[in-house]
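Quick notes on the structure that follows.
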Amino acid sequence: MNDVIVVGAGVAGLTAAVRLAESGARVLVLAKGVGATHLSAGTIDVLGYAPERVASPREALGPFIAGHPEHPYARVGVEGIEAALGWFTARLPYVGSLDENLLLPTAVGVPRPSAVVPETMAAGDLRGGGDPVAVVGFRASKDFHPALMADGLTRLAGVPARALVCSALPEDRVDANGLAFARAFEDAAFRERVVTEVAGQLRAGERVAFPAVLGVTRPVWAEVAERLGRPVFEVPTLPPSVPGMRVFGALRDALRRAGGRLRLNNVVVGAERSGARVSALRVRVGLREETLRADWFVLASGGVASGGIALDSRWRVHETALGVPVHGAPDGERFSPDYFASHPMSTVGVAVDGELRPLGDGGERWADNVLVAGATLAGAVPWKEKSGDGISLATGFAAAGLVLGKPTKEVVA
Amino acid sequence: MTDVLGELLMRDSLDHCVKCTICETFCPVSNVTPLFPGPKYVGPQAERYRSDDAPSPDESLDYCSGCGICTQVCPQGVHVAEINTQARAKLRERTGFKLRDRLIARPTVAGALGTPVAPLANWALGNPVLRLALEKTIGLHRNAPMPVYAGRTFQRWARRRDPVTAERRVAFFHGCGTNYYEPRLGEMTVALLEHNGIAVEIPKQGCCGLPLQSNGMFDDARAYVHRLAASLAPYARAGVDIVGTSTSCTLMLKREALEILGLGDDPELRIVSERIYDICEYLLALHDRGELRDDFKPVPETVVYHAPCQQQGHGIGKPAIELLALIPELTVHESRANCCGVAGTYGLKAEKYQIAMDVGAGLFRQVADTASDRSVCDSETCRWQIAKATDVPSVHPVEMLYRASGLG
């Protein structure tokens with residue numbers, strides 16, 4: 001029997017599930033497949049633009065929340081975000097805080113603000129310029145081009161940079177993606193080859209950028225930095241994203257250790273109601289439909305990109321798992337002509353009250369025991385704000401807290 | 001049933017692929033060998049270039065082990081493994097079937113031939129010279145794990161037992177592995193179910209056709225499925241649940257034969273599919289309803305539990321982990337591997353043996369590192385692979401529950 005069913009296995013769902021399971025709740029996570037972690041940069045961007053580039057999320061969040069009362073951050077507050085970050089950094093090797101954003105280079109050398117980042121990326125901070133960068137790429141890697149990044153760093157960030165191309169190739173692989181390189185880096189002989197080749201080409205004062213492939217589950221970043229005798233940092237690449245895989249792996253393992261369960265290929269197709277509560281979910285498992293009961297439900301199935309929110313050919317928007325009403329769908333213009341402009345469609349999602357309970361069409365509470373977290377929520381434009389994983393982490397963490405703060409006898413540890 | 005997909009619709013799911021590469025990060029095979037370029041390339045991408053009248057442009061799909069993990073992790077609902085299994089069958093229809101594949105795909109034939117001469121058969125399969133000869137002649141790897149003939153069949157035991165009668169009944173689908181090689185597992189299953197007040201009926205039954213399906217012999221596989229479904233359907237029709245101890249064979253009847261072999265319109269298979277449960281799925285459901293005797297005795301041992309790839313294909317989580325957690329003093333380490341490598345018959349083949357061993361390497365290390373008394377696993381071919389690779393005995397979860405129930 002389940003105390004809580006969490007729908008979705010991304011950052012929001014796994015954070016909620018781990019926190020609940022570690023507090024003694026019996027948690028079942030249902031997911032159609034593995035979530036967006038594998039496609040993400042692995043950084044926890046809290047607030048990067050509002051709309052100008054944000055130097056200190058702590059200072060910017062107050063006015064931002066005041067100006068965006070429907071934003072998910074308005075539901076959890078700065079304290080909620082901070083608590084979630086503290087929980088996360090106690091479990092994963094990340095650095096940073098709400099105090100100031102780092103400016104990390106993307107794979108094309110564009111500075112990108114982020115609050116809490118893997119320790120493997122921190123030396124890439126471009127605030128105030130900093131040391132020149134040697135960008136290491138691999139001849140066989142089609143997903144990371146060191147000359148492109150070096151050019152971007154020089155022109156866009158004002159940091160002198162140059163490309164170094166390494167000839168090391170994961171054994172027998174003529175077509176290697178980032179993951180193949182990351183696996184190769186777990187092999188001492190491969191590391192030796194790379195370090196030897198790179199060390200001989202470094203100039204005085206340079207720091208060293210690598211695509212984020214320095215080991216999959218056993219990061220070898222510290223060893224590479226030590227052997228090169230320089231600051232070394234990883235740069236997120238195209239999917240499969242190794243830093244994102246590390247996040248998924250760490251949270252999944254934490255869930256496993258805490259006794260939580262994860263079921264993949266389970267598609268939630270509806271909710272059964274009993275008065276003001278949801279009593280069970282209807283779940284498609286292979287060719288069958290099962291009815292799974294719980295006391296609480298956390299909906300963290302993602303937004304449009306993950307299929308949590310769907311837009312059909314008649315412009316009807318719906319939430320695909322429980323059928324919770326969706327808010328914010330515009331009647332008139334849905335998209336602006338300018339690609340990078342604000343699009344009326346982009347804040348569509350499930351609206352919630354101050355306790356993350358979904359709201360019905362008339363603004364009334366839709367169910368007492370359903371909480372919503374992550375990209376399913378209405379009111380945010382994560383790609384413009386650079387707030388995606390911050391929202392997922394903070395609301396997933398808060399959803400667990402709301403369940404734990406209103407204990408049923410089963411939920412108490 | 002909301003989503004019974006015919007063969008065509010199964011293939012059409014490839015249009016949902018957004019090239020996110022998540023399947024590639026989980027594929028156990030492409031992670032250890034460049035011979036298999038990964039499920040995304042070989043599945044939804046290459047499938048666009050295949051048609052019924054043109055040869056497959058790429059034979060690397062033969063290196064897919066059919067473990068099905070790609071389908072499990074896909075966030076878009078693409079039936080990657082099913083597409084690959086269907087494409088591999090078409091490839092084999094064109095290139096012809098190897099004698100080896102014809103032999104290892106028919107466990108009932110091998111079982112029936114070997115059982116009466118079990119000592120001789122076991123000697124032959126354990127003889128290095130003969131095994132080398134087998135590798136050189138038909139391509140069965142000399143070190144591939146081979147089961148040991150029991151010299152008797154479970155069906156024979158079943159015919160001679162005194163069945164317990166009870167209000168609740170199940171039909172037991174034991175599979176070929178139990179019948180010819182592990183009849184004790186069948187006996188323990190019956191005892192455990194009866195211990196819980198459930199009457200067990202043991203229908204006459206043959207092979208589920210899974211090894212034929214994996215090796216591309218779809219027509220023969222369909223004939224096996226039809227026969228087996230016909231012998232189990234009367235129970236399902238009478239409202240009797242069917243429980244299976246071979247998790248992959250159970251999955252075959254539950255889902256794979258309908259999706260991969262396109263047998264969704266076979267009425268007998270449909271009703272069996274709706275009524276069949278993996279034994280641990282069934283026992284955990286009993287436990288959830290408070291109907292499982294959980295007065296388990298301590299079993300002071302350390303084990304690694306490995307959920308086979310095909311067990312994960314059920315989409316039911318890992319019920320064995322929850323059942324094992326009910327046993328006092330039993331320390332259970334959960335395997336982090338998605339597959340042990342053997343994937344049914346894949347790891348037996350000379351050209352794939354090393355790949356299978358590399359896939360399972362992490363799991364084998366975990367068994368050694370945890371100084372486990374045994375490994376626990378729901379599938380027989382995986383148990384044979386893990387036991388051979390680790391020199392540590394491997395048992396079905398039922399055996400642990402049987403012992404903890406004080407039955408032996």
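In the structure tokens, the first chain shown is A, the next is B, and so on; residue numbers restart at 1 for each chain, and ligands run from 1 in the order shown.
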Using only C-alpha atoms, find each residue in chain A having at least one atom no more than 10 Å away from chain B; report its shortest atom-to-atom pair and that distance in Å (one decimal), rows by chain then rising number, as a Markdown table.
```
| residue | atom | partner | partner_atom | distance |
| --- | --- | --- | --- | --- |
| A:Met1 | CA | B:Asp288 | CA | 5.9 |
| A:Asn2 | CA | B:Asp288 | CA | 9.7 |
| A:Ala9 | CA | B:Pro75 | CA | 9.9 |
| A:Leu28 | CA | B:Gly317 | CA | 9.1 |
| A:Val29 | CA | B:Gly317 | CA | 9.5 |
| A:Leu30 | CA | B:Gly317 | CA | 9.3 |
| A:Ala31 | CA | B:Pro75 | CA | 8.0 |
| A:Lys32 | CA | B:Pro75 | CA | 5.5 |
| A:Gly33 | CA | B:Pro75 | CA | 3.8 |
| A:Val34 | CA | B:Val73 | CA | 5.1 |
| A:Gly35 | CA | B:Pro75 | CA | 6.6 |
| A:Ala36 | CA | B:Pro75 | CA | 8.7 |
| A:Thr37 | CA | B:Ile22 | CA | 9.6 |
| A:His38 | CA | B:Ile22 | CA | 6.5 |
| A:Leu39 | CA | B:Cys20 | CA | 7.1 |
| A:Pro170 | CA | B:Pro34 | CA | 9.7 |
| A:Glu171 | CA | B:Pro34 | CA | 8.6 |
| A:Asp172 | CA | B:Pro34 | CA | 6.5 |
| A:Arg173 | CA | B:Pro34 | CA | 5.8 |
| A:Val174 | CA | B:Pro34 | CA | 8.3 |
| A:Asp175 | CA | B:Pro37 | CA | 8.5 |
| A:Ala176 | CA | B:Pro34 | CA | 9.2 |
| A:Asn177 | CA | B:Glu24 | CA | 9.8 |
| A:Leu179 | CA | B:Thr25 | CA | 7.1 |
| A:Ala180 | CA | B:Asn31 | CA | 7.5 |
| A:Arg183 | CA | B:Asn31 | CA | 8.3 |
| A:Leu238 | CA | B:Cys20 | CA | 9.5 |
| A:Pro239 | CA | B:Thr21 | CA | 6.5 |
| A:Pro240 | CA | B:Thr21 | CA | 5.6 |
| A:Ser241 | CA | B:Thr21 | CA | 9.2 |
| A:Val242 | CA | B:Thr25 | CA | 9.1 |
| A:Met245 | CA | B:Thr25 | CA | 8.4 |
| A:Asp253 | CA | B:Arg336 | CA | 9.0 |
| A:Arg256 | CA | B:Glu334 | CA | 8.5 |
| A:Arg257 | CA | B:Glu334 | CA | 9.3 |
| A:Gly259 | CA | B:Glu322 | CA | 9.0 |
| A:Arg261 | CA | B:Gly317 | CA | 6.8 |
| A:Leu262 | CA | B:Gly317 | CA | 6.2 |
| A:Arg263 | CA | B:Gly317 | CA | 4.7 |
| A:Leu264 | CA | B:Gln72 | CA | 6.0 |
| A:Asn265 | CA | B:Gln72 | CA | 5.3 |
| A:Asn266 | CA | B:Gly315 | CA | 6.5 |
| A:Val267 | CA | B:Gly77 | CA | 9.2 |
| A:Val269 | CA | B:Thr2 | CA | 9.9 |
| A:Arg284 | CA | B:Thr2 | CA | 8.0 |
| A:Val285 | CA | B:Gly315 | CA | 5.9 |
| A:Gly286 | CA | B:Arg255 | CA | 6.7 |
| A:Leu287 | CA | B:Met1 | CA | 6.2 |
| A:Arg288 | CA | B:Met1 | CA | 6.1 |
| A:Glu289 | CA | B:Met1 | CA | 7.0 |
| A:Ser306 | CA | B:Pro75 | CA | 7.5 |
| A:Gly307 | CA | B:Gln76 | CA | 8.0 |
```
Exercise. Apply DSSP to the backbone of this structure and, from stretch 295-358 of chain B, keep only the residues in helix (DSSP H, G or I); write these as a list in words.
Key: Cys309, Gln310, Gln311, Gln312, Pro319, Ala320, Ile321, Glu322, Leu323, Leu324, Tyr346, Gly347, Leu348, Tyr353, Gln354, Ile355, Ala356, Met357 and Asp358 of chain B
Keeping only all heavy atoms, write those residues as a short mmCIF file (atom, residue, chain, number, x, y, z; two decimals), in the first residue's frame.
```
data_model
loop_
_atom_site.label_atom_id
_atom_site.label_comp_id
_atom_site.auth_asym_id
_atom_site.auth_seq_id
_atom_site.Cartn_x
_atom_site.Cartn_y
_atom_site.Cartn_z
N CYS B 309 15.94 -8.15 -16.85
CA CYS B 309 15.39 -7.18 -17.80
C CYS B 309 13.93 -7.51 -18.11
O CYS B 309 13.08 -6.62 -18.18
CB CYS B 309 16.23 -7.16 -19.07
SG CYS B 309 16.56 -8.77 -19.82
N GLN B 310 13.65 -8.79 -18.30
CA GLN B 310 12.28 -9.17 -18.67
C GLN B 310 11.31 -8.99 -17.50
O GLN B 310 10.12 -8.76 -17.71
CB GLN B 310 12.27 -10.62 -19.14
CG GLN B 310 13.01 -10.83 -20.44
CD GLN B 310 12.11 -10.59 -21.64
OE1 GLN B 310 11.05 -11.19 -21.75
NE2 GLN B 310 12.52 -9.72 -22.55
N GLN B 311 11.80 -9.08 -16.28
CA GLN B 311 10.94 -8.79 -15.14
C GLN B 311 10.54 -7.32 -15.18
O GLN B 311 9.39 -6.96 -14.92
CB GLN B 311 11.68 -9.13 -13.83
CG GLN B 311 10.83 -9.07 -12.56
CD GLN B 311 10.62 -7.66 -12.04
OE1 GLN B 311 11.40 -6.76 -12.34
NE2 GLN B 311 9.56 -7.48 -11.30
N GLN B 312 11.51 -6.46 -15.53
CA GLN B 312 11.21 -5.04 -15.59
C GLN B 312 10.21 -4.72 -16.68
O GLN B 312 9.49 -3.73 -16.62
CB GLN B 312 12.51 -4.25 -15.77
CG GLN B 312 13.42 -4.38 -14.56
CD GLN B 312 14.82 -3.84 -14.82
OE1 GLN B 312 15.01 -2.66 -15.01
NE2 GLN B 312 15.80 -4.72 -14.85
N PRO B 319 8.50 -6.33 -7.15
CA PRO B 319 7.78 -6.90 -5.99
C PRO B 319 8.64 -7.85 -5.16
O PRO B 319 8.44 -7.95 -3.95
CB PRO B 319 6.58 -7.63 -6.62
CG PRO B 319 6.86 -7.71 -8.08
CD PRO B 319 7.81 -6.62 -8.41
N ALA B 320 9.61 -8.52 -5.79
CA ALA B 320 10.44 -9.46 -5.04
C ALA B 320 11.19 -8.75 -3.92
O ALA B 320 11.35 -9.27 -2.82
CB ALA B 320 11.42 -10.17 -5.97
N ILE B 321 11.65 -7.52 -4.19
CA ILE B 321 12.38 -6.74 -3.17
C ILE B 321 11.50 -6.55 -1.94
O ILE B 321 11.94 -6.68 -0.79
CB ILE B 321 12.79 -5.37 -3.75
CG1 ILE B 321 14.01 -5.52 -4.64
CG2 ILE B 321 13.04 -4.34 -2.66
CD1 ILE B 321 15.32 -5.52 -3.91
N GLU B 322 10.22 -6.23 -2.20
CA GLU B 322 9.32 -5.98 -1.07
C GLU B 322 8.99 -7.27 -0.33
O GLU B 322 8.82 -7.26 0.89
CB GLU B 322 8.06 -5.29 -1.58
CG GLU B 322 8.36 -3.88 -2.06
CD GLU B 322 7.21 -3.25 -2.80
OE1 GLU B 322 6.23 -2.91 -2.14
OE2 GLU B 322 7.29 -3.12 -4.03
N LEU B 323 8.91 -8.36 -1.05
CA LEU B 323 8.64 -9.64 -0.39
C LEU B 323 9.86 -10.07 0.44
O LEU B 323 9.72 -10.51 1.59
CB LEU B 323 8.30 -10.71 -1.43
CG LEU B 323 6.95 -10.52 -2.14
CD1 LEU B 323 6.86 -11.43 -3.36
CD2 LEU B 323 5.79 -10.80 -1.19
N LEU B 324 11.06 -9.93 -0.14
CA LEU B 324 12.27 -10.33 0.58
C LEU B 324 12.46 -9.48 1.84
O LEU B 324 13.00 -9.95 2.84
CB LEU B 324 13.49 -10.22 -0.33
CG LEU B 324 13.53 -11.18 -1.53
CD1 LEU B 324 14.72 -10.89 -2.43
CD2 LEU B 324 13.56 -12.64 -1.09
N TYR B 346 20.78 -15.08 -25.96
CA TYR B 346 21.79 -14.19 -26.58
C TYR B 346 23.20 -14.56 -26.14
O TYR B 346 24.10 -14.75 -26.95
CB TYR B 346 21.45 -12.77 -26.19
CG TYR B 346 22.32 -11.67 -26.75
CD1 TYR B 346 22.04 -11.10 -27.98
CD2 TYR B 346 23.39 -11.16 -26.01
CE1 TYR B 346 22.81 -10.06 -28.48
CE2 TYR B 346 24.17 -10.11 -26.51
CZ TYR B 346 23.87 -9.57 -27.75
OH TYR B 346 24.63 -8.54 -28.23
N GLY B 347 23.39 -14.67 -24.83
CA GLY B 347 24.73 -14.87 -24.29
C GLY B 347 25.29 -16.28 -24.51
O GLY B 347 26.43 -16.56 -24.13
N LEU B 348 24.47 -17.16 -25.09
CA LEU B 348 24.97 -18.52 -25.36
C LEU B 348 25.76 -18.56 -26.66
O LEU B 348 26.52 -19.49 -26.91
CB LEU B 348 23.79 -19.51 -25.47
CG LEU B 348 22.75 -19.49 -24.35
CD1 LEU B 348 21.70 -20.58 -24.59
CD2 LEU B 348 23.40 -19.69 -22.99
N TYR B 353 28.90 -14.08 -26.62
CA TYR B 353 29.17 -14.50 -25.24
C TYR B 353 29.91 -13.42 -24.46
O TYR B 353 29.53 -13.05 -23.34
CB TYR B 353 29.97 -15.81 -25.25
CG TYR B 353 30.50 -16.19 -23.89
CD1 TYR B 353 29.67 -16.81 -22.96
CD2 TYR B 353 31.82 -15.93 -23.54
CE1 TYR B 353 30.15 -17.15 -21.70
CE2 TYR B 353 32.31 -16.27 -22.29
CZ TYR B 353 31.47 -16.88 -21.38
OH TYR B 353 31.94 -17.21 -20.14
N GLN B 354 30.98 -12.88 -25.05
CA GLN B 354 31.79 -11.92 -24.31
C GLN B 354 31.01 -10.64 -24.04
O GLN B 354 31.15 -10.01 -22.98
CB GLN B 354 33.09 -11.61 -25.07
CG GLN B 354 34.12 -10.85 -24.23
CD GLN B 354 34.41 -11.56 -22.89
OE1 GLN B 354 34.67 -12.76 -22.86
NE2 GLN B 354 34.32 -10.81 -21.78
N ILE B 355 30.17 -10.24 -24.99
CA ILE B 355 29.32 -9.06 -24.78
C ILE B 355 28.44 -9.29 -23.56
O ILE B 355 28.30 -8.43 -22.68
CB ILE B 355 28.46 -8.78 -26.03
CG1 ILE B 355 29.34 -8.42 -27.23
CG2 ILE B 355 27.44 -7.68 -25.76
CD1 ILE B 355 28.60 -8.34 -28.55
N ALA B 356 27.83 -10.48 -23.51
CA ALA B 356 26.93 -10.80 -22.39
C ALA B 356 27.68 -10.77 -21.07
O ALA B 356 27.17 -10.29 -20.05
CB ALA B 356 26.29 -12.17 -22.61
N MET B 357 28.91 -11.28 -21.07
CA MET B 357 29.70 -11.27 -19.84
C MET B 357 30.06 -9.83 -19.45
O MET B 357 30.06 -9.48 -18.26
CB MET B 357 30.97 -12.11 -20.02
CG MET B 357 30.72 -13.59 -20.19
SD MET B 357 29.83 -14.32 -18.78
CE MET B 357 31.15 -14.38 -17.56
N ASP B 358 30.37 -8.99 -20.44
CA ASP B 358 30.70 -7.60 -20.15
C ASP B 358 29.47 -6.85 -19.62
O ASP B 358 29.59 -6.00 -18.74
CB ASP B 358 31.23 -6.90 -21.41
CG ASP B 358 32.60 -7.42 -21.82
OD1 ASP B 358 33.24 -8.11 -20.99
OD2 ASP B 358 33.03 -7.17 -22.97
#
```
Quiz item: For A:Ala204, which residue among A:Arg53, A:Arg230, A:Arg357, A:Arg91 is the nearest when counting only C-alpha atoms?
Solution: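 Looking only at the distances to A:Ala204, the closest residue turns out to be A:Arg230.
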Practice problem: Once DSSP has gone over the backbone, tell me which residues of stretch 64-293 of chain B are in strand (DSSP E), as a list in words. | Solution: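 The strand (DSSP E) subset of stretch 64-293 of chain B is Arg168, Arg169, Val170, Ala171, Phe172, Phe173, Ile198, Ala199, Val200, Glu201, Asp241, Ile242, Val243, Gly244, Ile276, Tyr277 and Asp278 of chain B.
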Quiz item: Leaving out stretch 292-303 of chain A and any residue of its chain fewer than 6 positions from it, which residues lie within 9 Å of it when counting only C-alpha atoms, given as a VMD selection string?
Solution: chain A and resid 1 to 14 16 to 17 31 to 32 35 to 36 277 to 283 309 to 310 319 to 322 348 to 349 368 to 377 392 396 399 to 400 403 408 410 to 411
Those selected residues, please, written with C-alpha atoms and delivered as a JSON list (two decimals), in the first residue's frame.
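File written: part18.json
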```
[["chain", "number", "residue", "atom", "x", "y", "z"],
["A", 1, "MET", "CA", 0.00, 0.00, 0.00],
["A", 2, "ASN", "CA", 1.19, 3.52, -0.73],
["A", 3, "ASP", "CA", 1.13, 6.62, 1.39],
["A", 4, "VAL", "CA", 2.08, 8.77, -1.57],
["A", 5, "ILE", "CA", 2.12, 8.25, -5.33],
["A", 6, "VAL", "CA", 4.36, 10.63, -7.24],
["A", 7, "VAL", "CA", 3.74, 11.00, -10.97],
["A", 8, "GLY", "CA", 6.92, 11.83, -12.84],
["A", 9, "ALA", "CA", 10.60, 10.97, -12.47],
["A", 10, "GLY", "CA", 12.28, 14.28, -13.21],
["A", 11, "VAL", "CA", 13.87, 16.60, -10.66],
["A", 12, "ALA", "CA", 10.51, 17.65, -9.16],
["A", 13, "GLY", "CA", 9.10, 14.13, -8.81],
["A", 14, "LEU", "CA", 12.30, 12.51, -7.58],
["A", 16, "ALA", "CA", 9.50, 14.96, -3.63],
["A", 17, "ALA", "CA", 9.78, 11.18, -3.59],
["A", 31, "ALA", "CA", 6.63, 7.50, -14.81],
["A", 32, "LYS", "CA", 6.07, 6.96, -18.49],
["A", 35, "GLY", "CA", 12.49, 12.28, -17.24],
["A", 36, "ALA", "CA", 14.17, 15.39, -18.53],
["A", 277, "ARG", "CA", -10.22, 13.72, -2.56],
["A", 278, "VAL", "CA", -8.59, 11.63, -5.22],
["A", 279, "SER", "CA", -8.71, 8.03, -4.04],
["A", 280, "ALA", "CA", -6.74, 6.31, -6.78],
["A", 281, "LEU", "CA", -5.04, 6.68, -10.13],
["A", 282, "ARG", "CA", -5.86, 4.68, -13.22],
["A", 283, "VAL", "CA", -2.56, 3.55, -14.65],
["A", 309, "ILE", "CA", 0.60, 19.20, -20.58],
["A", 310, "ALA", "CA", -0.75, 18.55, -24.07],
["A", 319, "GLU", "CA", -3.15, 17.95, -18.20],
["A", 320, "THR", "CA", -2.63, 14.38, -19.35],
["A", 321, "ALA", "CA", -2.35, 12.30, -16.17],
["A", 322, "LEU", "CA", -5.10, 13.22, -13.71],
["A", 348, "VAL", "CA", 0.04, 27.58, -19.50],
["A", 349, "GLY", "CA", -0.12, 24.95, -16.77],
["A", 368, "ASP", "CA", -7.50, 18.15, -1.10],
["A", 369, "ASN", "CA", -4.83, 15.47, -1.42],
["A", 370, "VAL", "CA", -3.19, 16.35, -4.74],
["A", 371, "LEU", "CA", -0.09, 18.55, -4.89],
["A", 372, "VAL", "CA", 1.52, 19.85, -8.05],
["A", 373, "ALA", "CA", 5.23, 20.43, -8.63],
["A", 374, "GLY", "CA", 7.66, 21.23, -11.41],
["A", 375, "ALA", "CA", 7.01, 22.15, -15.01],
["A", 376, "THR", "CA", 3.34, 21.16, -14.75],
["A", 377, "LEU", "CA", 2.76, 24.40, -12.84],
["A", 392, "SER", "CA", 11.26, 21.81, -10.01],
["A", 396, "GLY", "CA", 9.08, 19.18, -5.41],
["A", 399, "ALA", "CA", 5.22, 19.28, -2.00],
["A", 400, "ALA", "CA", 6.90, 16.66, 0.16],
["A", 403, "VAL", "CA", 2.49, 16.05, 2.82],
["A", 408, "THR", "CA", -1.94, 11.13, 8.37],
["A", 410, "GLU", "CA", 0.56, 6.44, 7.90],
["A", 411, "VAL", "CA", 2.85, 9.26, 6.90]]
```
Quiz item: In terms of the shortest atom-to-atom distance over only C-alpha atoms, which of B:Ala158, B:Ala191, B:Cys249, B:Cys339 is closest to B:Ser65?
Solution: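 The answer is B:Cys339, which sits nearest to B:Ser65.
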Give me the residues near A:Phe190 as a CSV table (one decimal) with N, CA, C and O atoms, in the first residue's frame, where near means some atom within 10 Å (using only C-alpha atoms) and where sequence neighbours in that chain fewer than 5 positions away do not count.
```csv
chain,number,residue,atom,x,y,z
A,168,ALA,N,42.4,11.4,-28.6
A,168,ALA,CA,42.0,10.2,-27.9
A,168,ALA,C,40.6,9.8,-28.3
A,168,ALA,O,39.7,10.6,-28.4
A,169,LEU,N,40.4,8.5,-28.5
A,169,LEU,CA,39.1,8.0,-29.0
A,169,LEU,C,38.7,6.8,-28.1
A,169,LEU,O,39.5,5.9,-27.9
A,170,PRO,N,37.5,6.8,-27.6
A,170,PRO,CA,37.1,5.6,-26.8
A,170,PRO,C,37.3,4.3,-27.7
A,170,PRO,O,37.0,4.4,-28.9
A,171,GLU,N,37.8,3.3,-27.1
A,171,GLU,CA,38.2,2.1,-27.8
A,171,GLU,C,37.2,1.7,-28.9
A,171,GLU,O,36.1,1.4,-28.6
A,181,PHE,N,32.4,8.9,-24.4
A,181,PHE,CA,33.6,9.5,-23.8
A,181,PHE,C,33.6,9.5,-22.3
A,181,PHE,O,34.7,9.2,-21.6
A,183,ARG,N,32.3,7.3,-20.4
A,183,ARG,CA,32.6,5.9,-19.9
A,183,ARG,C,34.1,5.7,-20.1
A,183,ARG,O,34.8,5.1,-19.2
A,184,ALA,N,34.7,6.2,-21.2
A,184,ALA,CA,36.1,6.0,-21.4
A,184,ALA,C,36.9,6.7,-20.3
A,184,ALA,O,37.9,6.1,-19.9
A,185,PHE,N,36.4,7.8,-19.9
A,185,PHE,CA,37.2,8.5,-18.8
A,185,PHE,C,37.2,7.8,-17.5
A,185,PHE,O,38.0,8.1,-16.6
A,195,VAL,N,45.3,13.2,-20.5
A,195,VAL,CA,46.1,14.1,-19.6
A,195,VAL,C,47.5,14.4,-20.2
A,195,VAL,O,47.9,15.5,-20.3
A,196,THR,N,48.1,13.3,-20.7
A,196,THR,CA,49.4,13.5,-21.3
A,196,THR,C,49.4,14.4,-22.5
A,196,THR,O,50.2,15.3,-22.7
```
Practice problem: For A:Leu102, work out the shell of residues within 12 Å, counting only C-alpha atoms and skipping chain neighbours fewer than 6 positions away, then give it as an MDAnalysis selection string. | Solution: chainID A and resid 43:48 53:57 95:96 111:119 121:129
Quiz item: How far is it from atom CA of B:Lys40 to atom CA of B:Thr85, in Å with one decimal?
Solution: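 So the two atoms, atom CA of B:Lys40 and atom CA of B:Thr85, lie 13.7 Å apart.
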Quiz prompt | Residues near A:Ala147, cut-off 12 Å, only C-alpha atoms, skip fewer than 4 positions along chain, as JSON, numbers by chain | solution = {"A": [107, 108, 109, 133, 134, 135, 136, 137, 138, 139, 151, 152, 153, 154, 161, 162, 163, 164, 165, 209]}
Self-check item: Closest of B:Ala199, B:Leu269, B:Leu192, B:Ala89 to B:Leu228 - atom-to-atom distances counting only C-alpha atoms
Solution: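 Among the listed residues, B:Leu269 lies closest to B:Leu228.
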Quiz prompt | Long-range neighbours of stretch 200-217 of chain B as a PyMOL selection string, 6 Å cut-off, only C-alpha atoms, 2 positions minimum in chain | solution = chain B and resi 89+105+169-172+219-221+224-225+228
